[in-house]
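The file coords_6.cif contains mmCIF, C-alpha atoms:
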```cif
data_upload
#
loop_
_atom_site.label_atom_id
_atom_site.label_comp_id
_atom_site.auth_asym_id
_atom_site.auth_seq_id
_atom_site.Cartn_x
_atom_site.Cartn_y
_atom_site.Cartn_z
CA MET M 1 77.98 -103.93 25.05
CA ARG M 2 77.44 -100.90 22.85
CA ILE M 3 75.91 -101.07 19.36
CA GLU M 4 75.44 -98.03 17.11
CA GLN M 5 74.23 -97.66 13.51
CA ASN M 6 75.59 -95.19 10.91
CA PHE M 7 78.25 -94.27 13.42
CA SER M 8 80.80 -91.51 12.81
CA LEU M 9 84.41 -92.67 13.01
CA GLU M 10 85.87 -89.17 13.27
CA LYS M 11 86.99 -89.83 16.86
CA TYR M 12 88.28 -93.29 15.92
CA ASN M 13 90.89 -92.20 13.36
CA THR M 14 93.64 -89.72 14.09
CA PHE M 15 93.34 -88.13 10.63
CA HIS M 16 89.87 -87.08 11.88
CA LEU M 17 88.27 -88.08 8.60
CA PRO M 18 84.45 -87.92 8.69
CA ALA M 19 83.98 -91.53 7.62
CA LYS M 20 81.01 -93.48 8.92
CA THR M 21 80.47 -97.17 9.54
CA ARG M 22 77.23 -99.05 8.98
CA TRP M 23 77.56 -100.62 12.45
CA PHE M 24 79.81 -99.91 15.43
CA MET M 25 80.11 -102.50 18.20
CA GLU M 26 82.10 -102.03 21.41
CA TYR M 27 82.50 -104.88 23.88
CA GLU M 28 83.39 -104.61 27.57
CA ASN M 29 84.79 -108.10 28.16
CA GLU M 30 85.66 -111.39 26.51
CA ASP M 31 82.17 -112.83 27.11
CA ASP M 32 80.66 -110.03 25.04
CA LEU M 33 83.28 -110.58 22.35
CA GLN M 34 82.36 -114.27 22.19
CA LYS M 35 78.68 -113.38 21.71
CA ILE M 36 79.58 -111.08 18.82
CA LEU M 37 81.84 -113.64 17.15
CA HIS M 38 79.13 -116.33 17.35
CA ASP M 39 76.42 -114.05 15.96
CA GLU M 40 75.26 -115.19 12.50
CA TYR M 41 74.74 -111.63 11.24
CA PHE M 42 78.25 -110.66 12.33
CA GLN M 43 79.68 -113.70 10.53
CA GLU M 44 77.97 -112.66 7.28
CA CYS M 45 79.15 -109.05 7.43
CA LEU M 46 82.40 -107.39 6.50
CA SER M 47 84.11 -106.48 9.77
CA LEU M 48 87.18 -104.65 11.00
CA HIS M 49 88.61 -104.46 14.51
CA ILE M 50 90.25 -101.13 15.38
CA GLY M 51 91.85 -99.36 18.32
CA LYS M 52 92.00 -95.57 18.22
CA GLY M 53 92.69 -95.56 14.48
CA SER M 54 96.17 -94.04 14.79
CA ASN M 55 97.33 -96.14 11.86
CA LEU M 56 94.27 -96.09 9.58
CA LEU M 57 93.26 -94.16 6.47
CA PHE M 58 89.55 -94.42 5.67
CA ILE M 59 89.15 -93.87 1.93
CA ASN M 60 85.37 -94.23 2.08
CA ASP M 61 82.60 -94.97 4.56
CA TYR M 62 82.81 -98.53 5.89
CA ASN M 63 79.96 -100.75 4.77
CA GLY M 64 80.24 -103.29 7.54
CA ILE M 65 80.88 -103.64 11.27
CA ILE M 66 83.62 -101.79 13.11
CA LEU M 67 84.57 -103.59 16.32
CA HIS M 68 86.23 -101.83 19.23
CA SER M 69 87.45 -103.15 22.56
CA ALA M 70 86.64 -101.49 25.87
CA ILE M 71 88.66 -104.08 27.85
CA ARG M 72 90.74 -102.18 30.39
CA GLY M 73 92.89 -103.15 33.35
CA LEU M 74 96.47 -103.26 34.62
CA GLU M 75 97.33 -106.29 36.75
CA VAL M 76 100.64 -107.62 38.04
CA VAL M 77 100.29 -111.36 37.48
CA ARG M 78 103.79 -112.37 38.55
CA GLU M 79 107.06 -110.92 39.79
CA ASP M 80 110.48 -111.95 41.02
CA ASP M 81 113.64 -110.11 42.04
CA SER M 82 114.41 -109.04 38.48
CA PHE M 83 111.14 -108.76 36.57
CA VAL M 84 107.47 -107.93 36.85
CA TRP M 85 104.81 -109.31 34.52
CA LEU M 86 102.05 -106.76 33.81
CA ARG M 87 98.81 -107.92 32.14
CA VAL M 88 97.22 -105.07 30.23
CA GLY M 89 93.75 -104.81 28.71
CA ALA M 90 93.76 -104.17 24.96
CA ALA M 91 91.84 -100.88 25.31
CA GLU M 92 94.32 -99.30 27.71
CA VAL M 93 95.86 -96.18 26.17
CA TRP M 94 99.44 -97.14 25.39
CA ASP M 95 101.14 -94.00 26.68
CA GLU M 96 99.27 -94.30 29.97
CA VAL M 97 100.68 -97.83 30.32
CA VAL M 98 104.20 -96.46 29.74
CA ALA M 99 103.63 -93.70 32.29
CA TYR M 100 102.41 -96.28 34.82
CA ALA M 101 105.42 -98.54 34.31
CA VAL M 102 107.85 -95.64 34.62
CA SER M 103 106.13 -94.45 37.81
CA LYS M 104 106.68 -97.92 39.28
CA GLY M 105 110.35 -98.02 38.24
CA TRP M 106 109.81 -100.77 35.67
CA GLY M 107 111.86 -100.52 32.49
CA GLY M 108 111.58 -101.86 28.98
CA ILE M 109 109.02 -99.59 27.29
CA GLU M 110 110.12 -96.05 28.24
CA ASN M 111 111.47 -95.32 24.74
CA LEU M 112 107.96 -95.98 23.39
CA SER M 113 106.51 -92.98 25.22
CA LEU M 114 103.87 -90.81 23.52
CA ILE M 115 103.17 -93.27 20.71
CA PRO M 116 99.43 -92.86 20.13
CA GLY M 117 96.93 -95.68 20.22
CA GLU M 118 95.81 -98.54 22.44
CA THR M 119 97.79 -101.46 23.83
CA GLY M 120 96.15 -104.17 21.72
CA ALA M 121 96.88 -102.29 18.52
CA ALA M 122 100.43 -101.62 19.71
CA ALA M 123 101.00 -105.37 19.99
CA VAL M 124 99.47 -105.99 16.55
CA GLN M 125 101.60 -103.31 14.92
CA ASN M 126 104.81 -104.04 16.87
CA ILE M 127 105.34 -100.36 17.56
CA GLY M 128 108.92 -99.18 17.89
CA ALA M 129 110.98 -96.06 18.51
CA TYR M 130 114.50 -95.08 19.54
CA GLY M 131 115.92 -98.59 19.55
CA MET M 132 113.00 -100.33 21.28
CA GLU M 133 110.11 -102.42 19.95
CA ILE M 134 107.16 -103.62 21.97
CA LYS M 135 107.94 -107.23 20.97
CA ASP M 136 111.02 -107.11 23.19
CA ALA M 137 108.82 -106.47 26.25
CA ILE M 138 105.97 -108.82 25.36
CA GLU M 139 105.66 -112.10 27.25
CA THR M 140 102.29 -113.20 25.85
CA VAL M 141 99.42 -111.96 23.70
CA GLU M 142 95.90 -113.27 24.39
CA ALA M 143 93.73 -113.37 21.27
CA TRP M 144 90.49 -114.87 19.96
CA ASN M 145 90.38 -116.65 16.62
CA GLN M 146 87.54 -115.16 14.57
CA LEU M 147 87.04 -118.38 12.59
CA THR M 148 87.18 -121.02 15.31
CA PHE M 149 85.99 -118.76 18.20
CA GLU M 150 88.80 -120.18 20.35
CA LYS M 151 91.12 -118.25 22.60
CA HIS M 152 94.86 -118.73 22.27
CA VAL M 153 97.70 -117.36 24.37
CA PHE M 154 100.64 -116.65 22.08
CA ARG M 155 104.20 -116.41 23.37
CA ALA M 156 106.17 -113.54 21.88
CA ASP M 157 108.12 -115.94 19.66
CA GLU M 158 104.81 -117.23 18.24
CA CYS M 159 103.59 -113.79 17.21
CA GLY M 160 105.61 -113.56 13.98
CA TYR M 161 107.06 -110.22 14.94
CA GLY M 162 109.05 -108.20 12.42
CA TYR M 163 109.49 -104.54 11.52
CA ARG M 164 106.02 -103.02 12.13
CA THR M 165 104.32 -106.36 11.59
CA SER M 166 103.09 -109.51 13.32
CA ARG M 167 101.03 -112.61 12.67
CA PHE M 168 98.00 -110.52 13.66
CA LYS M 169 98.53 -108.30 10.60
CA ASP M 170 99.35 -111.17 8.21
CA PRO M 171 96.40 -111.79 5.85
CA HIS M 172 97.59 -115.39 5.39
CA GLN M 173 97.09 -116.14 9.09
CA ASP M 174 93.72 -116.82 10.71
CA PRO M 175 92.25 -113.48 11.88
CA HIS M 176 92.60 -112.87 15.61
CA ILE M 177 91.35 -110.21 18.01
CA VAL M 178 93.77 -109.25 20.79
CA THR M 179 92.20 -108.87 24.24
CA TYR M 180 95.17 -108.78 26.65
CA VAL M 181 98.93 -108.25 26.44
CA THR M 182 101.32 -109.32 29.20
CA LEU M 183 104.54 -107.31 29.38
CA LYS M 184 107.74 -108.51 31.05
CA LEU M 185 109.34 -105.42 32.57
CA HIS M 186 112.73 -104.93 34.22
CA LYS M 187 113.08 -103.93 37.85
CA GLN M 188 116.67 -102.95 37.05
CA PRO M 189 116.26 -100.97 33.81
CA ASP M 190 118.48 -101.72 30.82
CA PHE M 191 118.53 -98.35 29.07
CA LYS M 192 118.62 -98.14 25.25
CA LEU M 193 120.21 -94.80 24.43
CA SER M 194 122.00 -95.44 21.13
CA TYR M 195 120.01 -92.91 19.10
CA GLY M 196 121.89 -89.66 18.72
CA THR M 197 118.93 -87.37 19.35
CA LEU M 198 118.21 -89.19 22.60
CA GLN M 199 121.84 -88.92 23.69
CA ASP M 200 121.84 -85.18 22.91
CA VAL M 201 118.75 -84.44 25.01
CA LEU M 202 120.03 -86.54 27.92
CA LYS M 203 123.56 -85.17 27.87
CA ASP M 204 124.77 -84.24 31.36
CA LYS M 205 121.54 -85.49 32.93
CA GLU M 206 121.07 -88.30 35.42
CA ILE M 207 119.75 -91.29 33.48
CA THR M 208 116.49 -92.45 35.01
CA LEU M 209 113.34 -93.97 33.53
CA GLN M 210 111.53 -90.67 33.97
CA ALA M 211 114.39 -88.73 32.37
CA VAL M 212 114.33 -91.03 29.33
CA ARG M 213 110.54 -90.78 29.07
CA ASP M 214 110.70 -86.98 29.32
CA ALA M 215 113.43 -86.88 26.66
CA VAL M 216 111.45 -89.06 24.25
CA ILE M 217 108.34 -86.94 24.79
CA ALA M 218 110.31 -83.75 24.16
CA ILE M 219 111.81 -85.13 20.94
CA ARG M 220 108.45 -86.37 19.64
CA GLN M 221 106.66 -83.14 20.49
CA ALA M 222 109.38 -81.11 18.76
CA LYS M 223 109.08 -82.94 15.44
CA LEU M 224 105.61 -84.53 15.34
CA PRO M 225 102.23 -82.77 15.35
CA ASP M 226 99.68 -83.51 18.05
CA PRO M 227 96.90 -85.46 16.28
CA GLU M 228 94.34 -83.72 18.49
CA VAL M 229 95.42 -80.41 16.93
CA LEU M 230 96.43 -81.46 13.40
CA GLY M 231 95.03 -84.70 12.05
CA ASN M 232 97.75 -87.22 11.19
CA ALA M 233 98.73 -90.86 11.61
CA GLY M 234 102.34 -90.32 12.65
CA SER M 235 104.88 -91.88 10.32
CA PHE M 236 102.97 -92.55 7.11
CA PHE M 237 105.68 -94.73 5.53
CA MET M 238 107.98 -97.42 6.87
CA ASN M 239 111.72 -96.85 6.66
CA PRO M 240 112.87 -98.91 3.65
CA VAL M 241 115.52 -101.60 3.98
CA ILE M 242 117.78 -101.97 0.94
CA ASP M 243 120.82 -104.04 0.03
CA VAL M 244 124.34 -102.68 0.43
CA ALA M 245 125.01 -102.36 -3.31
CA HIS M 246 121.91 -100.21 -3.79
CA PHE M 247 122.84 -98.06 -0.80
CA GLU M 248 126.41 -97.51 -2.04
CA LYS M 249 125.09 -96.47 -5.44
CA ILE M 250 122.90 -93.82 -3.83
CA ARG M 251 125.71 -92.69 -1.52
CA GLN M 252 127.91 -91.88 -4.51
CA GLN M 253 125.46 -89.12 -5.38
CA TYR M 254 124.36 -88.28 -1.82
CA PRO M 255 127.42 -88.73 0.46
CA LYS M 256 125.50 -87.54 3.55
CA ILE M 257 122.62 -89.98 3.26
CA PRO M 258 121.76 -91.19 6.79
CA SER M 259 121.49 -94.93 7.40
CA TYR M 260 121.27 -97.63 10.05
CA PRO M 261 122.36 -101.27 9.93
CA SER M 262 119.52 -103.75 9.53
CA ALA M 263 119.06 -107.51 9.61
CA GLU M 264 120.77 -109.80 7.13
CA GLY M 265 123.48 -107.26 6.39
CA LYS M 266 121.09 -104.78 4.77
CA ILE M 267 120.78 -101.03 5.30
CA LYS M 268 117.79 -99.09 6.66
CA VAL M 269 117.34 -95.62 5.16
CA PRO M 270 115.07 -92.99 6.77
CA ALA M 271 111.99 -92.53 4.61
CA GLY M 272 111.65 -88.95 5.83
CA TRP M 273 115.06 -88.05 4.40
CA LEU M 274 114.16 -89.55 1.01
CA ILE M 275 110.89 -87.61 0.93
CA GLU M 276 112.63 -84.39 1.92
CA GLN M 277 115.19 -84.78 -0.90
CA CYS M 278 112.27 -84.96 -3.31
CA GLY M 279 111.08 -81.53 -2.15
CA PHE M 280 107.88 -82.50 -0.35
CA LYS M 281 108.67 -81.28 3.17
CA GLY M 282 106.27 -78.47 4.10
CA LYS M 283 104.36 -78.74 0.82
CA GLN M 284 100.60 -78.82 0.67
CA HIS M 285 98.00 -79.63 -1.92
CA GLY M 286 94.50 -78.55 -1.09
CA GLU M 287 93.66 -79.76 2.40
CA VAL M 288 96.60 -82.21 2.61
CA GLY M 289 100.09 -81.27 3.70
CA VAL M 290 103.50 -82.75 4.43
CA TYR M 291 104.45 -81.61 7.92
CA GLU M 292 107.08 -78.88 7.88
CA LYS M 293 109.09 -80.41 10.74
CA GLN M 294 109.01 -84.05 9.58
CA ALA M 295 108.52 -85.11 5.97
CA LEU M 296 107.39 -88.58 7.04
CA VAL M 297 104.10 -87.18 8.37
CA LEU M 298 101.09 -86.35 6.20
CA VAL M 299 98.57 -84.01 7.80
CA ASN M 300 94.91 -83.15 7.39
CA LEU M 301 94.88 -79.36 7.23
CA GLY M 302 91.16 -79.22 7.94
CA ASN M 303 88.79 -80.91 5.56
CA ALA M 304 90.84 -83.47 3.66
CA THR M 305 89.30 -86.68 2.38
CA GLY M 306 90.92 -90.08 2.55
CA ASP M 307 91.22 -90.07 -1.24
CA GLU M 308 93.15 -86.80 -1.19
CA ILE M 309 95.59 -88.09 1.44
CA ALA M 310 96.09 -91.29 -0.56
CA LEU M 311 96.81 -89.27 -3.72
CA MET M 312 99.45 -87.20 -1.90
CA ALA M 313 101.02 -90.40 -0.59
CA GLU M 314 101.10 -91.87 -4.10
CA SER M 315 102.80 -88.74 -5.45
CA ILE M 316 105.48 -89.11 -2.77
CA ARG M 317 105.97 -92.81 -3.48
CA SER M 318 106.30 -92.14 -7.20
CA ALA M 319 108.86 -89.36 -6.73
CA VAL M 320 111.01 -91.43 -4.34
CA LYS M 321 110.90 -94.42 -6.70
CA ASP M 322 111.93 -92.28 -9.67
CA ARG M 323 114.82 -90.59 -7.88
CA PHE M 324 116.19 -93.37 -5.66
CA GLY M 325 114.78 -96.59 -7.06
CA ILE M 326 113.27 -97.29 -3.63
CA GLU M 327 109.67 -98.41 -3.11
CA LEU M 328 108.19 -96.78 -0.02
CA MET M 329 105.59 -98.90 1.75
CA PRO M 330 102.84 -97.25 3.80
CA GLU M 331 102.86 -97.95 7.51
CA VAL M 332 99.27 -96.70 7.51
CA LYS M 333 96.55 -99.21 6.61
CA TYR M 334 94.16 -98.11 3.86
CA ILE M 335 90.48 -98.94 4.51
CA ALA M 336 88.46 -98.73 1.28
#
```
Render the structure in this file as structure tokens.
Amino acid sequence: MRIEQNFSLEKYNTFHLPAKTRWFMEYENEDDLQKILHDEYFQECLSLHIGKGSNLLFINDYNGIILHSAIRGLEVVREDDSFVWLRVGAAEVWDEVVAYAVSKGWGGIENLSLIPGETGAAAVQNIGAYGMEIKDAIETVEAWNQLTFEKHVFRADECGYGYRTSRFKDPHQDPHIVTYVTLKLHKQPDFKLSYGTLQDVLKDKEITLQAVRDAVIAIRQAKLPDPEVLGNAGSFFMNPVIDVAHFEKIRQQYPKIPSYPSAEGKIKVPAGWLIEQCGFKGKQHGEVGVYEKQALVLVNLGNATGDEIALMAESIRSAVKDRFGIELMPEVKYIA
């Protein structure tokens, strides 16, 4: 177990903000996690469990305990002629898990290539891209209840999964810490290639798991900045879902507005397109910018503060609301 005081979180948030935490605790296994959860000082303190911080915006220093998992491991726990069940430690880097599955010929997560972060956080967030979501590959999520100190193994249908959300993000649910995720992967891949950009890159190519992974990586690298080079948290806002009447009203003025069908007969509109129509793409204010290749991404140009990034985000939200009557919701979690 690792315990540090006044610890810099610059390497634990992909905006690379110089926030500090009063305490940083990293546990190697579930026994160490149990000891932390039972500790009276820990129970009295404000605490937050994080992965690599690819979805966090630290507004200030954190006056509490930041918890981080160091639980690693990839283990095949079951297989049959059609599927393999892979148990993954929460601290495993997500893209390395995808690369491993693809190298073994196991399908179901290849479209989620190059999404930053760790596996536990991916399951909490229900990451998704190019027609896939991690929930569709999850068999179970193992998690510890922070109030009762009990471990529970949740089936996928018990995780409350929705668009970029789960029971593990719901403040009305008991807080849980994810330690392992078991993925059910296909030995005979069922490719999801409905997105136009994916079809374009794969045109005239043999469709294999590696080809799909390479295509997704190429697309992401072409439009998204590398957080190691330019601090960012990927898509800052969720794509809004609106009713048909609202969409048709907007389409009268913007006939080329892109859209995708969503649940319950509603329409999903790309947040990046809305932001671009409001003139923010490529703009910068001080040390904060809107990425020139993708308006959905806010970037730290060098020495931005969390406050400055939040102010830019609020300016964008206000402009989109005024022009389109649509309320953009941050995908990024603000930590004050």
**Study point:** Expected selection from the PyMOL selection byres ((chain M and resi 123-140) around 7), given as a list in words
**Key:** Gly108, Ile109, Asn111, Leu112, Thr119, Gly120, Ala121, Ala122, Val141, Glu142, Val153, Phe154, Arg155, Ala156, Tyr161, Arg164, Thr165, Ser166, Phe168, Lys169, Val181, Thr182, Leu183, Lys184, Leu185, Lys192 and Tyr195 of chain M
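Put simply, CA of Ala90 in chain M is 22.1 Å away from CA of Gly105 in chain M.
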Review point. For the file shown, what are the residues hit by the PyMOL selection byres ((chain M and resi 307) around 12), laid out as a list of chain:residue names?
Key: M:Leu17, M:Ala19, M:Leu57, M:Phe58, M:Ile59, M:Asn60, M:Asp61, M:Gly286, M:Glu287, M:Val288, M:Asn300, M:Asn303, M:Ala304, M:Thr305, M:Gly306, M:Glu308, M:Ile309, M:Ala310, M:Leu311, M:Met312, M:Ala313, M:Glu314, M:Tyr334, M:Ile335, M:Ala336
Exercise for review: Do a neighbour search on range 320-325 of chain M at 10 Å with all atoms listed in the file, toss out local chain neighbours closer than 4 positions, and write the hits as a ChimeraX atom specification.
Suggested key: /M:246-247,249-250,271,274-278,314-316
Next, the residues of the selection above should be written as an mmCIF file, in the frame of the given file with C-alpha atoms.
```
data_model
loop_
_atom_site.group_PDB
_atom_site.id
_atom_site.type_symbol
_atom_site.label_atom_id
_atom_site.label_comp_id
_atom_site.auth_asym_id
_atom_site.auth_seq_id
_atom_site.Cartn_x
_atom_site.Cartn_y
_atom_site.Cartn_z
ATOM 1 C CA HIS M 246 121.910 -100.210 -3.790
ATOM 2 C CA PHE M 247 122.840 -98.060 -0.800
ATOM 3 C CA LYS M 249 125.090 -96.470 -5.440
ATOM 4 C CA ILE M 250 122.900 -93.820 -3.830
ATOM 5 C CA ALA M 271 111.990 -92.530 4.610
ATOM 6 C CA LEU M 274 114.160 -89.550 1.010
ATOM 7 C CA ILE M 275 110.890 -87.610 0.930
ATOM 8 C CA GLU M 276 112.630 -84.390 1.920
ATOM 9 C CA GLN M 277 115.190 -84.780 -0.900
ATOM 10 C CA CYS M 278 112.270 -84.960 -3.310
ATOM 11 C CA GLU M 314 101.100 -91.870 -4.100
ATOM 12 C CA SER M 315 102.800 -88.740 -5.450
ATOM 13 C CA ILE M 316 105.480 -89.110 -2.770
#
```
Check your understanding: Applied to the shown file, which residues does the PyMOL selection byres ((chain M and resi 299) around 8) return, written as a ChimeraX atom specification?
Key -> /M:15,230-233,288-291,297-298,300-301
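Interatomic distance, CA of His186 in chain M to CA of Val212 in chain M: 14.8 Å.
If only C-alpha atoms are the atoms counted, then among M:Ser259, M:Gln43, M:Ser8, M:Gln253 the closest residue to Thr148 in chain M is M:Gln43.
The residue set within 8 Å of Trp106 in chain M, counting only C-alpha atoms and dropping same-chain residues fewer than 4 places from it, reads Val84, Ala101, Val102, Leu185, His186, Lys187, Gln188, Pro189 and Leu209 of chain M.
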Exercise for review: Please measure the separation of CA of Val93 in chain M and CA of Ala70 in chain M, giving the value in Å to one decimal.
Suggested key: 10.6 Å
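Nearest to Phe83 in chain M of all the residues M:Asp190, M:Glu248, M:Asp170, M:Glu327 is M:Asp190, based on only C-alpha atoms.
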Review point. For Arg220 in chain M, which residue among M:Arg251, M:Lys266, M:Lys281, M:Lys293 is the nearest when counting all atoms listed in the file?
Key: M:Lys293
For Phe24 in chain M: contacts at 12 Å, only C-alpha atoms, fewer than 3 positions along chain excluded, given as a tab-separated table (two decimals) with C-alpha atoms, in the coordinates of the input:
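File written: selection-v2.tsv
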```tsv
chain	number	residue	atom	x	y	z
M	1	MET	CA	77.98	-103.93	25.05
M	2	ARG	CA	77.44	-100.90	22.85
M	3	ILE	CA	75.91	-101.07	19.36
M	4	GLU	CA	75.44	-98.03	17.11
M	5	GLN	CA	74.23	-97.66	13.51
M	6	ASN	CA	75.59	-95.19	10.91
M	7	PHE	CA	78.25	-94.27	13.42
M	8	SER	CA	80.80	-91.51	12.81
M	9	LEU	CA	84.41	-92.67	13.01
M	12	TYR	CA	88.28	-93.29	15.92
M	20	LYS	CA	81.01	-93.48	8.92
M	21	THR	CA	80.47	-97.17	9.54
M	27	TYR	CA	82.50	-104.88	23.88
M	36	ILE	CA	79.58	-111.08	18.82
M	42	PHE	CA	78.25	-110.66	12.33
M	46	LEU	CA	82.40	-107.39	6.50
M	47	SER	CA	84.11	-106.48	9.77
M	48	LEU	CA	87.18	-104.65	11.00
M	49	HIS	CA	88.61	-104.46	14.51
M	50	ILE	CA	90.25	-101.13	15.38
M	62	TYR	CA	82.81	-98.53	5.89
M	63	ASN	CA	79.96	-100.75	4.77
M	64	GLY	CA	80.24	-103.29	7.54
M	65	ILE	CA	80.88	-103.64	11.27
M	66	ILE	CA	83.62	-101.79	13.11
M	67	LEU	CA	84.57	-103.59	16.32
M	68	HIS	CA	86.23	-101.83	19.23
M	69	SER	CA	87.45	-103.15	22.56
```
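Minimum atom-to-atom distances from M:Ala218, M:Leu37, M:Val178, M:Leu56 to Val88 in chain M were compared using all atoms listed in the file, and the lowest value belongs to M:Val178.
Between Asn239 in chain M and the residues M:Asp226, M:Asp174, M:Glu331, M:Glu158, the shortest atom-to-atom distance, using all atoms listed in the file, involves M:Glu331.
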Point to revise | Long-range neighbours of Met238 in chain M as number ranges by chain, 9 Å cut-off, all atoms listed in the file, 3 positions minimum in chain | key: M: 163-164, 235, 270-271, 296, 328-332
Please produce a file of the residues just selected, as a PDB file, in the frame of the given file, where the atoms kept are C-alpha atoms.
```pdb
ATOM      1  CA  TYR M 163     109.490-104.540  11.520  1.00  0.00           C
ATOM      2  CA  ARG M 164     106.020-103.020  12.130  1.00  0.00           C
ATOM      3  CA  SER M 235     104.880 -91.880  10.320  1.00  0.00           C
ATOM      4  CA  PRO M 270     115.070 -92.990   6.770  1.00  0.00           C
ATOM      5  CA  ALA M 271     111.990 -92.530   4.610  1.00  0.00           C
ATOM      6  CA  LEU M 296     107.390 -88.580   7.040  1.00  0.00           C
ATOM      7  CA  LEU M 328     108.190 -96.780  -0.020  1.00  0.00           C
ATOM      8  CA  MET M 329     105.590 -98.900   1.750  1.00  0.00           C
ATOM      9  CA  PRO M 330     102.840 -97.250   3.800  1.00  0.00           C
ATOM     10  CA  GLU M 331     102.860 -97.950   7.510  1.00  0.00           C
ATOM     11  CA  VAL M 332      99.270 -96.700   7.510  1.00  0.00           C
TER      12      VAL M 332
END
```
Since the input is missing atoms, can you rebuild all heavy atoms for range 11-16 of chain M and write them as a compact mmCIF listing (two decimals), in the frame of the given file?
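The resulting file, out-v4.txt, is reproduced below:
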```txt
# COMPACT_ATOMS: atom_id res chain seq x y z
N LYS M 11 86.21 -89.73 15.63
CA LYS M 11 86.99 -89.83 16.86
C LYS M 11 87.76 -91.15 16.94
O LYS M 11 88.48 -91.37 17.91
CB LYS M 11 86.07 -89.69 18.08
CG LYS M 11 85.45 -88.30 18.22
CD LYS M 11 84.60 -88.20 19.47
CE LYS M 11 84.01 -86.80 19.63
NZ LYS M 11 83.16 -86.70 20.85
N TYR M 12 87.61 -91.99 15.93
CA TYR M 12 88.28 -93.29 15.92
C TYR M 12 89.29 -93.40 14.77
O TYR M 12 89.61 -94.48 14.34
CB TYR M 12 87.26 -94.43 15.86
CG TYR M 12 86.52 -94.59 17.17
CD1 TYR M 12 85.37 -93.84 17.42
CD2 TYR M 12 86.98 -95.45 18.15
CE1 TYR M 12 84.70 -93.97 18.63
CE2 TYR M 12 86.32 -95.58 19.36
CZ TYR M 12 85.18 -94.84 19.59
OH TYR M 12 84.52 -94.96 20.79
N ASN M 13 89.74 -92.24 14.28
CA ASN M 13 90.89 -92.20 13.36
C ASN M 13 91.59 -90.88 13.56
O ASN M 13 90.95 -89.83 13.62
CB ASN M 13 90.47 -92.44 11.91
CG ASN M 13 89.79 -91.26 11.26
OD1 ASN M 13 90.41 -90.48 10.56
ND2 ASN M 13 88.49 -91.09 11.52
N THR M 14 92.90 -90.92 13.71
CA THR M 14 93.64 -89.72 14.09
C THR M 14 93.85 -88.74 12.93
O THR M 14 94.37 -87.65 13.15
CB THR M 14 95.01 -90.08 14.71
OG1 THR M 14 95.73 -90.92 13.80
CG2 THR M 14 94.82 -90.80 16.04
N PHE M 15 93.43 -89.12 11.71
CA PHE M 15 93.34 -88.13 10.63
C PHE M 15 92.07 -87.30 10.77
O PHE M 15 91.89 -86.31 10.07
CB PHE M 15 93.33 -88.83 9.26
CG PHE M 15 94.69 -89.06 8.67
CD1 PHE M 15 95.13 -90.35 8.40
CD2 PHE M 15 95.53 -88.00 8.36
CE1 PHE M 15 96.38 -90.58 7.85
CE2 PHE M 15 96.78 -88.21 7.80
CZ PHE M 15 97.21 -89.50 7.55
N HIS M 16 91.16 -87.74 11.66
CA HIS M 16 89.87 -87.08 11.88
C HIS M 16 89.05 -86.97 10.60
O HIS M 16 88.42 -85.94 10.33
CB HIS M 16 90.07 -85.71 12.53
CG HIS M 16 90.85 -85.76 13.81
ND1 HIS M 16 90.49 -86.57 14.87
CD2 HIS M 16 92.00 -85.14 14.19
CE1 HIS M 16 91.37 -86.42 15.85
NE2 HIS M 16 92.30 -85.59 15.46
```
